[in-house]
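Below is the file entry16.pdb, which contains PDB, C-alpha atoms (C1' of nucleotides).
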ATOM      1  CA  MET M   1      80.435 -84.727  72.370
ATOM      2  CA  GLY M   2      82.646 -82.044  73.833
ATOM      3  CA  GLU M   3      80.446 -79.281  72.513
ATOM      4  CA  LYS M   4      77.451 -80.623  74.359
ATOM      5  CA  LEU M   5      79.377 -80.691  77.608
ATOM      6  CA  THR M   6      80.552 -77.153  76.993
ATOM      7  CA  THR M   7      77.017 -76.017  76.350
ATOM      8  CA  LEU M   8      75.691 -77.791  79.418
ATOM      9  CA  HIS M   9      78.413 -76.381  81.600
ATOM     10  CA  ALA M  10      77.761 -72.861  80.394
ATOM     11  CA  LEU M  11      74.031 -73.150  80.993
ATOM     12  CA  ALA M  12      74.315 -74.851  84.359
ATOM     13  CA  GLU M  13      75.445 -71.733  86.170
ATOM     14  CA  PRO M  14      72.449 -69.818  87.589
ATOM     15  CA  ASN M  15      73.505 -66.336  86.540
ATOM     16  CA  ARG M  16      74.381 -67.466  83.056
ATOM     17  CA  PHE M  17      71.055 -69.239  82.844
ATOM     18  CA  HIS M  18      69.359 -65.987  83.790
ATOM     19  CA  ILE M  19      71.346 -64.080  81.199
ATOM     20  CA  VAL M  20      70.170 -66.510  78.564
ATOM     21  CA  GLU M  21      66.600 -66.117  79.700
ATOM     22  CA  LEU M  22      66.994 -62.365  79.487
ATOM     23  CA  LEU M  23      68.498 -62.464  76.027
ATOM     24  CA  ARG M  24      65.632 -64.501  74.634
ATOM     25  CA  VAL M  25      63.604 -61.292  74.667
ATOM     26  CA  GLY M  26      66.168 -59.587  72.490
ATOM     27  CA  PRO M  27      69.767 -58.380  72.232
ATOM     28  CA  LEU M  28      71.163 -56.462  75.185
ATOM     29  CA  THR M  29      74.284 -54.615  76.207
ATOM     30  CA  VAL M  30      76.442 -55.620  79.143
ATOM     31  CA  GLY M  31      75.185 -52.711  81.198
ATOM     32  CA  GLU M  32      71.558 -53.544  80.587
ATOM     33  CA  ILE M  33      72.105 -57.114  81.643
ATOM     34  CA  ALA M  34      73.950 -56.002  84.743
ATOM     35  CA  ASP M  35      71.112 -53.653  85.673
ATOM     36  CA  SER M  36      68.396 -56.201  85.040
ATOM     37  CA  LEU M  37      70.035 -58.927  87.058
ATOM     38  CA  LYS M  38      71.560 -56.609  89.637
ATOM     39  CA  LEU M  39      74.979 -57.996  89.046
ATOM     40  CA  ARG M  40      78.224 -56.096  88.835
ATOM     41  CA  GLN M  41      79.526 -55.350  85.407
ATOM     42  CA  PRO M  42      82.727 -57.381  85.656
ATOM     43  CA  GLN M  43      80.867 -60.525  86.645
ATOM     44  CA  VAL M  44      78.468 -60.056  83.774
ATOM     45  CA  SER M  45      81.357 -59.637  81.371
ATOM     46  CA  LYS M  46      82.938 -62.777  82.711
ATOM     47  CA  HIS M  47      79.794 -64.800  82.368
ATOM     48  CA  LEU M  48      79.267 -63.460  78.890
ATOM     49  CA  ARG M  49      82.774 -64.568  78.089
ATOM     50  CA  VAL M  50      81.899 -68.124  79.020
ATOM     51  CA  LEU M  51      78.672 -67.961  77.057
ATOM     52  CA  SER M  52      80.532 -66.523  74.128
ATOM     53  CA  ASP M  53      83.288 -69.125  74.221
ATOM     54  CA  SER M  54      80.684 -71.834  74.232
ATOM     55  CA  GLY M  55      78.977 -70.282  71.228
ATOM     56  CA  LEU M  56      75.741 -69.585  73.026
ATOM     57  CA  VAL M  57      75.910 -65.870  72.408
ATOM     58  CA  GLU M  58      77.352 -63.577  69.786
ATOM     59  CA  VAL M  59      78.747 -60.090  70.216
ATOM     60  CA  GLN M  60      78.278 -57.091  68.043
ATOM     61  CA  PRO M  61      80.370 -54.100  69.033
ATOM     62  CA  ILE M  62      78.746 -50.738  68.521
ATOM     63  CA  ALA M  63      80.945 -47.856  69.521
ATOM     64  CA  ASN M  64      81.455 -48.067  73.220
ATOM     65  CA  ARG M  65      78.937 -50.808  73.754
ATOM     66  CA  ARG M  66      78.811 -54.472  73.047
ATOM     67  CA  ILE M  67      75.525 -55.987  72.150
ATOM     68  CA  TYR M  68      75.010 -59.635  72.962
ATOM     69  CA  LYS M  69      72.457 -61.893  71.369
ATOM     70  CA  LEU M  70      71.651 -65.563  71.502
ATOM     71  CA  GLN M  71      73.027 -67.957  68.947
ATOM     72  CA  SER M  72      70.831 -70.835  67.906
ATOM     73  CA  GLN M  73      73.287 -73.585  67.075
ATOM     74  CA  PRO M  74      74.220 -74.849  70.549
ATOM     75  CA  PHE M  75      70.577 -74.883  71.578
ATOM     76  CA  LEU M  76      69.610 -76.811  68.497
ATOM     77  CA  GLU M  77      72.407 -79.297  68.973
ATOM     78  CA  LEU M  78      71.435 -79.859  72.565
ATOM     79  CA  GLU M  79      67.830 -80.365  71.616
ATOM     80  CA  GLU M  80      68.919 -82.742  68.898
ATOM     81  CA  TRP M  81      70.835 -84.737  71.472
ATOM     82  CA  LEU M  82      67.847 -84.858  73.787
ATOM     83  CA  ASP M  83      65.768 -85.977  70.874
ATOM     84  CA  THR M  84      67.901 -89.075  70.448
ATOM     85  CA  PHE M  85      66.493 -90.252  73.773
ATOM     86  CA  ARG M  86      62.922 -90.192  72.590
ATOM     87  CA  SER M  87      63.093 -93.653  71.078
ATOM     88  CA  ILE M  88      64.323 -94.937  74.397
ATOM     89  CA  TRP M  89      61.408 -93.762  76.492
ATOM     90  CA  GLU M  90      58.931 -95.578  74.306
ATOM     91  CA  ASP M  91      61.076 -98.569  73.623
ATOM     92  CA  ARG M  92      62.140 -99.472  77.087
ATOM     93  CA  PHE M  93      59.203-100.478  79.181
ATOM     94  CA  ASP M  94      60.547-103.939  79.697
ATOM     95  CA  ARG M  95      64.267-103.447  79.286
ATOM     96  CA  LEU M  96      64.652-103.640  83.011
ATOM     97  CA  ASP M  97      62.841-106.944  83.110
ATOM     98  CA  ASP M  98      65.074-108.164  80.303
ATOM     99  CA  TYR M  99      68.071-107.142  82.286
ATOM    100  CA  LEU M 100      66.892-108.921  85.387
ATOM    101  CA  LYS M 101      66.328-112.087  83.442
ATOM    102  CA  GLU M 102      69.722-111.906  81.804
ATOM    103  CA  MET M 103      71.533-111.769  85.096
ATOM    104  CA  LYS M 104      69.452-114.577  86.534
TER     105      LYS M 104
ATOM    106  CA  MET W   1      63.229 -73.145  86.812
ATOM    107  CA  GLY W   2      65.201 -74.749  89.589
ATOM    108  CA  GLU W   3      64.679 -78.209  88.215
ATOM    109  CA  LYS W   4      66.183 -77.224  84.904
ATOM    110  CA  LEU W   5      69.271 -75.878  86.618
ATOM    111  CA  THR W   6      69.534 -79.046  88.654
ATOM    112  CA  THR W   7      69.268 -81.155  85.549
ATOM    113  CA  LEU W   8      71.820 -79.064  83.688
ATOM    114  CA  HIS W   9      74.222 -79.167  86.584
ATOM    115  CA  ALA W  10      73.969 -82.921  86.874
ATOM    116  CA  LEU W  11      74.545 -83.427  83.167
ATOM    117  CA  ALA W  12      77.367 -80.915  82.873
ATOM    118  CA  GLU W  13      79.867 -83.102  84.671
ATOM    119  CA  PRO W  14      81.808 -85.247  82.183
ATOM    120  CA  ASN W  15      81.665 -88.513  84.096
ATOM    121  CA  ARG W  16      77.993 -88.129  84.808
ATOM    122  CA  PHE W  17      77.399 -87.329  81.168
ATOM    123  CA  HIS W  18      79.178 -90.537  80.269
ATOM    124  CA  ILE W  19      77.126 -92.501  82.747
ATOM    125  CA  VAL W  20      73.974 -91.181  81.143
ATOM    126  CA  GLU W  21      75.256 -92.125  77.711
ATOM    127  CA  LEU W  22      75.995 -95.599  79.004
ATOM    128  CA  LEU W  23      72.591 -96.014  80.573
ATOM    129  CA  ARG W  24      70.799 -95.157  77.401
ATOM    130  CA  VAL W  25      71.662 -98.640  76.168
ATOM    131  CA  GLY W  26      69.951-100.159  79.155
ATOM    132  CA  PRO W  27      69.953-100.474  82.939
ATOM    133  CA  LEU W  28      73.273-101.205  84.635
ATOM    134  CA  THR W  29      74.668-101.927  88.042
ATOM    135  CA  VAL W  30      77.196 -99.714  89.774
ATOM    136  CA  GLY W  31      79.956-102.218  89.163
ATOM    137  CA  GLU W  32      79.231-102.462  85.474
ATOM    138  CA  ILE W  33      79.328 -98.719  85.117
ATOM    139  CA  ALA W  34      82.578 -98.511  87.034
ATOM    140  CA  ASP W  35      84.129-101.160  84.800
ATOM    141  CA  SER W  36      82.925 -99.584  81.598
ATOM    142  CA  LEU W  37      84.132 -96.125  82.447
ATOM    143  CA  LYS W  38      87.202 -97.267  84.362
ATOM    144  CA  LEU W  39      86.220 -95.296  87.398
ATOM    145  CA  ARG W  40      86.437 -96.341  91.007
ATOM    146  CA  GLN W  41      83.283 -97.648  92.563
ATOM    147  CA  PRO W  42      82.903 -94.908  95.198
ATOM    148  CA  GLN W  43      83.091 -92.152  92.618
ATOM    149  CA  VAL W  44      80.488 -93.889  90.509
ATOM    150  CA  SER W  45      78.210 -94.206  93.513
ATOM    151  CA  LYS W  46      78.679 -90.545  94.262
ATOM    152  CA  HIS W  47      77.877 -89.483  90.724
ATOM    153  CA  LEU W  48      74.880 -91.752  90.679
ATOM    154  CA  ARG W  49      73.734 -90.080  93.849
ATOM    155  CA  VAL W  50      73.744 -86.726  92.114
ATOM    156  CA  LEU W  51      71.972 -88.135  89.094
ATOM    157  CA  SER W  52      69.457 -89.785  91.364
ATOM    158  CA  ASP W  53      68.828 -86.645  93.405
ATOM    159  CA  SER W  54      68.197 -84.734  90.224
ATOM    160  CA  GLY W  55      65.732 -87.362  89.083
ATOM    161  CA  LEU W  56      67.723 -88.354  86.020
ATOM    162  CA  VAL W  57      68.066 -91.957  87.105
ATOM    163  CA  GLU W  58      66.094 -94.410  89.171
ATOM    164  CA  VAL W  59      67.350 -97.238  91.333
ATOM    165  CA  GLN W  60      66.051-100.712  91.683
ATOM    166  CA  PRO W  61      67.722-102.801  94.374
ATOM    167  CA  ILE W  62      68.110-106.457  93.584
ATOM    168  CA  ALA W  63      69.756-108.390  96.354
ATOM    169  CA  ASN W  64      73.260-107.153  96.649
ATOM    170  CA  ARG W  65      73.150-105.001  93.557
ATOM    171  CA  ARG W  66      71.537-101.771  92.600
ATOM    172  CA  ILE W  67      70.361-101.365  89.093
ATOM    173  CA  TYR W  68      70.220 -97.858  87.694
ATOM    174  CA  LYS W  69      68.140 -96.775  84.756
ATOM    175  CA  LEU W  70      67.349 -93.471  83.085
ATOM    176  CA  GLN W  71      64.245 -91.554  83.962
ATOM    177  CA  SER W  72      62.539 -89.659  81.166
ATOM    178  CA  GLN W  73      60.989 -86.674  82.928
ATOM    179  CA  PRO W  74      64.014 -84.407  83.370
ATOM    180  CA  PHE W  75      65.066 -85.006  79.792
ATOM    181  CA  LEU W  76      61.633 -84.214  78.505
ATOM    182  CA  GLU W  77      61.408 -81.069  80.595
ATOM    183  CA  LEU W  78      64.769 -79.895  79.348
ATOM    184  CA  GLU W  79      63.780 -80.546  75.781
ATOM    185  CA  GLU W  80      60.542 -78.723  76.361
ATOM    186  CA  TRP W  81      62.490 -75.732  77.608
ATOM    187  CA  LEU W  82      64.757 -75.797  74.580
ATOM    188  CA  ASP W  83      61.696 -75.998  72.432
ATOM    189  CA  THR W  84      60.487 -72.652  73.723
ATOM    190  CA  PHE W  85      63.438 -71.095  71.917
ATOM    191  CA  ARG W  86      62.353 -72.316  68.527
ATOM    192  CA  SER W  87      60.062 -69.414  67.891
ATOM    193  CA  ILE W  88      62.941 -67.084  68.599
ATOM    194  CA  TRP W  89      65.297 -68.423  65.981
ATOM    195  CA  GLU W  90      62.798 -67.898  63.231
ATOM    196  CA  ASP W  91      61.342 -64.726  64.574
ATOM    197  CA  ARG W  92      64.453 -62.757  65.244
ATOM    198  CA  PHE W  93      66.366 -62.126  62.059
ATOM    199  CA  ASP W  94      66.007 -58.405  62.428
ATOM    200  CA  ARG W  95      65.659 -57.942  66.138
ATOM    201  CA  LEU W  96      69.216 -56.757  66.311
ATOM    202  CA  ASP W  97      68.539 -54.109  63.698
ATOM    203  CA  ASP W  98      65.494 -53.056  65.663
ATOM    204  CA  TYR W  99      67.602 -52.757  68.747
ATOM    205  CA  LEU W 100      70.207 -50.684  67.012
ATOM    206  CA  LYS W 101      67.576 -48.311  65.711
ATOM    207  CA  GLU W 102      65.963 -47.979  69.105
ATOM    208  CA  MET W 103      69.165 -46.837  70.724
ATOM    209  CA  LYS W 104      69.988 -44.527  67.839
TER     210      LYS W 104
ATOM    211  C1'  DT I   1      77.215-116.776 112.175
ATOM    212  C1'  DT I   2      81.341-115.810 109.807
ATOM    213  C1'  DT I   3      82.709-114.503 105.305
ATOM    214  C1'  DT I   4      82.378-112.322 100.953
ATOM    215  C1'  DA I   5      80.475-109.348  97.241
ATOM    216  C1'  DA I   6      78.301-105.059  96.004
ATOM    217  C1'  DT I   7      77.403-100.576  97.129
ATOM    218  C1'  DA I   8      77.195 -96.346  99.993
ATOM    219  C1'  DT I   9      79.295 -93.028 103.032
ATOM    220  C1'  DT I  10      82.863 -90.370 105.269
ATOM    221  C1'  DC I  11      87.048 -87.796 105.662
ATOM    222  C1'  DC I  12      90.716 -85.520 103.584
ATOM    223  C1'  DT I  13      93.030 -83.181  99.919
ATOM    224  C1'  DT I  14      92.948 -80.753  95.764
ATOM    225  C1'  DT I  15      91.045 -78.251  92.120
ATOM    226  C1'  DA I  16      87.677 -75.404  89.589
ATOM    227  C1'  DC I  17      85.207 -71.531  89.587
ATOM    228  C1'  DG I  18      82.462 -67.559  91.076
ATOM    229  C1'  DA I  19      82.561 -62.994  93.586
ATOM    230  C1'  DG I  20      84.838 -58.645  94.772
ATOM    231  C1'  DA I  21      87.882 -54.927  93.950
ATOM    232  C1'  DA I  22      91.120 -52.760  91.244
ATOM    233  C1'  DT I  23      92.987 -51.835  86.861
ATOM    234  C1'  DA I  24      93.397 -51.957  81.792
ATOM    235  C1'  DT I  25      91.333 -51.089  77.300
ATOM    236  C1'  DT I  26      88.564 -49.018  73.841
ATOM    237  C1'  DC I  27      86.098 -45.524  71.779
ATOM    238  C1'  DC I  28      83.356 -41.440  71.836
ATOM    239  C1'  DT I  29      83.057 -36.441  72.840
ATOM    240  C1'  DC I  30      84.694 -31.993  73.923
TER     241       DC I  30
ATOM    242  C1'  DG Y   1      94.598 -35.159  72.831
ATOM    243  C1'  DA Y   2      92.332 -35.059  77.557
ATOM    244  C1'  DG Y   3      88.411 -36.827  79.978
ATOM    245  C1'  DG Y   4      84.702 -39.898  80.573
ATOM    246  C1'  DA Y   5      81.626 -44.233  79.488
ATOM    247  C1'  DA Y   6      81.232 -48.832  78.627
ATOM    248  C1'  DT Y   7      83.390 -53.055  78.836
ATOM    249  C1'  DA Y   8      87.181 -56.461  79.544
ATOM    250  C1'  DT Y   9      90.905 -58.364  82.246
ATOM    251  C1'  DT Y  10      93.589 -59.469  86.297
ATOM    252  C1'  DC Y  11      94.369 -60.688  91.031
ATOM    253  C1'  DT Y  12      93.055 -62.568  95.279
ATOM    254  C1'  DC Y  13      90.091 -65.075  98.087
ATOM    255  C1'  DG Y  14      86.458 -68.167  99.480
ATOM    256  C1'  DT Y  15      83.749 -72.103  98.577
ATOM    257  C1'  DA Y  16      81.652 -75.955  96.168
ATOM    258  C1'  DA Y  17      82.642 -80.029  94.355
ATOM    259  C1'  DA Y  18      85.491 -83.957  92.477
ATOM    260  C1'  DG Y  19      88.962 -87.622  93.397
ATOM    261  C1'  DG Y  20      91.393 -91.026  96.606
ATOM    262  C1'  DA Y  21      91.471 -94.091 100.345
ATOM    263  C1'  DA Y  22      89.388 -96.081 104.084
ATOM    264  C1'  DT Y  23      85.340 -97.590 106.330
ATOM    265  C1'  DA Y  24      80.372 -98.611 106.972
ATOM    266  C1'  DT Y  25      76.321-101.084 105.307
ATOM    267  C1'  DT Y  26      73.576-104.571 103.294
ATOM    268  C1'  DA Y  27      72.525-108.962 101.723
ATOM    269  C1'  DA Y  28      73.898-113.453 100.023
ATOM    270  C1'  DA Y  29      76.296-117.631 100.651
ATOM    271  C1'  DA Y  30      79.100-120.940 102.910
TER     272       DA Y  30
END
Will you turn the file into structure tokens for me?
Amino acid sequence: MGEKLTTLHALAEPNRFHIVELLRVGPLTVGEIADSLKLRQPQVSKHLRVLSDSGLVEVQPIANRRIYKLQSQPFLELEEWLDTFRSIWEDRFDRLDDYLKEMK
Amino acid sequence: MGEKLTTLHALAEPNRFHIVELLRVGPLTVGEIADSLKLRQPQVSKHLRVLSDSGLVEVQPIANRRIYKLQSQPFLELEEWLDTFRSIWEDRFDRLDDYLKEMK
DNA sequence: TTTTAATATTCCTTTACGAGAATATTCCTC
DNA sequence: GAGGAATATTCTCGTAAAGGAATATTAAAA
């Protein structure tokens, strides 16, 4: 369960969310991300650190640069979690009524 | 895009995440949630406020009590967003190689 | 209509975290 | 090996947000 919270927390920050949206197009360096989002390099590095720690992105160092790309696992796990709710939406038209009856 | 961030933010808080997990079993009152999670009533009310503002839960007042239940829309929207990544995971085995070649 | 139960709201304190600026690190190039 | 790019880390500060305690609100019940 902790992983899901970590993933959610990482994605819930606006700039990190934007970074993820950027990276869906393809791998990018820190500088490119900073330019695109008009953020300062240190902040981008810090956000990438969070994304990296949470497993959402992966780094590949090339010489001076570091190329970041999305990692599928956390996304898939999150989607899997959301999928476990599907049965509920269909199943629970009258659960509320049940509940009301139970409590008299 | 703002709704997704709102949803993510609401879910990213541990206690709120737990509340959501609790509510998936069925609708509950504030007191029941507080008991289950061993939280104080005011904090539960405050978290439920956030969840309610983000559309994740719905309230139904019955006399003294307020019964909270999950609302499907935000979950479905989030899942839909995650689903847009699917094509990427399959498509992008070699995108990194492409990138590396591009930048020589 | 006073009392009591359930919930919401407010105020205060504390903590988490993001931004900014400066500095450290790493690796290429000359 | 000195200088310069690209990136990471550290420090400080400001702010958003969570917890605690007290209080307000609402509705039922006596």
- [ ] Check which residues satisfy the PyMOL selection byres ((chain Y) within 10 of (chain M)) in the file shown, then give them as a list of chain:residue names.
- [x] Y:DA5, Y:DA6, Y:DT7, Y:DA8, Y:DT9
Task: Nearest to chain I by atom-to-atom distance, counting all atoms listed in the file, from M:Gln43, M:Arg16, M:Asp35, M:Leu11 - done: M:Gln43
Open item on the list: Could you work out which residues of chain I fall inside 9 Å of chain M? Count all atoms listed in the file, and format the result as a ChimeraX atom specification.
Closed with: /I:18-19,26-28
Open item on the list: Just want the 9 Å neighbourhood of Lys69 of chain M, counted on all atoms listed in the file, with same-chain residues fewer than 5 positions away dropped. Output as a list of chain:residue names.
Closed with: M:Val20, M:Leu23, M:Arg24, M:Gly26, M:Pro27, M:Leu28, M:Thr29, M:Leu56, M:Val57, M:Glu58, M:Val59, M:Gln60, W:Leu96
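For the structure in this document, the set picked by the PyMOL selection byres ((chain M) within 6 of (chain W)) is Leu5, Leu8, His9, Ala12 and Glu79 of chain M.
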TODO: Could you check how far atom CA of Asn15 of chain M sits from atom CA of Leu37 of chain M, in Å to one decimal?
DONE: 8.2 Å
What do you get, as a CSV table (one decimal) with C-alpha atoms (C1' of nucleotides), keeping the file's coordinate frame, if you spell out every residue that the PyMOL selection byres ((chain I and resi 29) around 9) selects here?
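Generated file (selection-v8.csv):
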chain,number,residue,atom,x,y,z
I,28,DC,C1',83.4,-41.4,71.8
I,30,DC,C1',84.7,-32.0,73.9
Y,3,DG,C1',88.4,-36.8,80.0
Y,4,DG,C1',84.7,-39.9,80.6
Open item on the list: Just checking: using all atoms listed in the file, which residue out of Y:DA22, Y:DC11, Y:DA30, Y:DA16 ends up closest to DG20 of chain I?
Closed with: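 Closest candidate: Y:DC11.
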Task: Distance of atom CA of Pro74 of chain W from atom CA of Leu51 of chain W, expressed in Å to one decimal place - done: 10.5 Å
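Pairwise distance (atom C1' of DT23 of chain I, atom CA of Ser52 of chain M) equals 23.1 Å.
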Can you report as JSON the centre and edge lengths in Å, to one decimal, of an axis-aligned box around the listed atoms of segment 19-24 of chain W padded with 4 Å on each side?
{"center_x": 74.0, "center_y": -93.6, "center_z": 80.1, "size_x": 14.3, "size_y": 12.8, "size_z": 13.3}
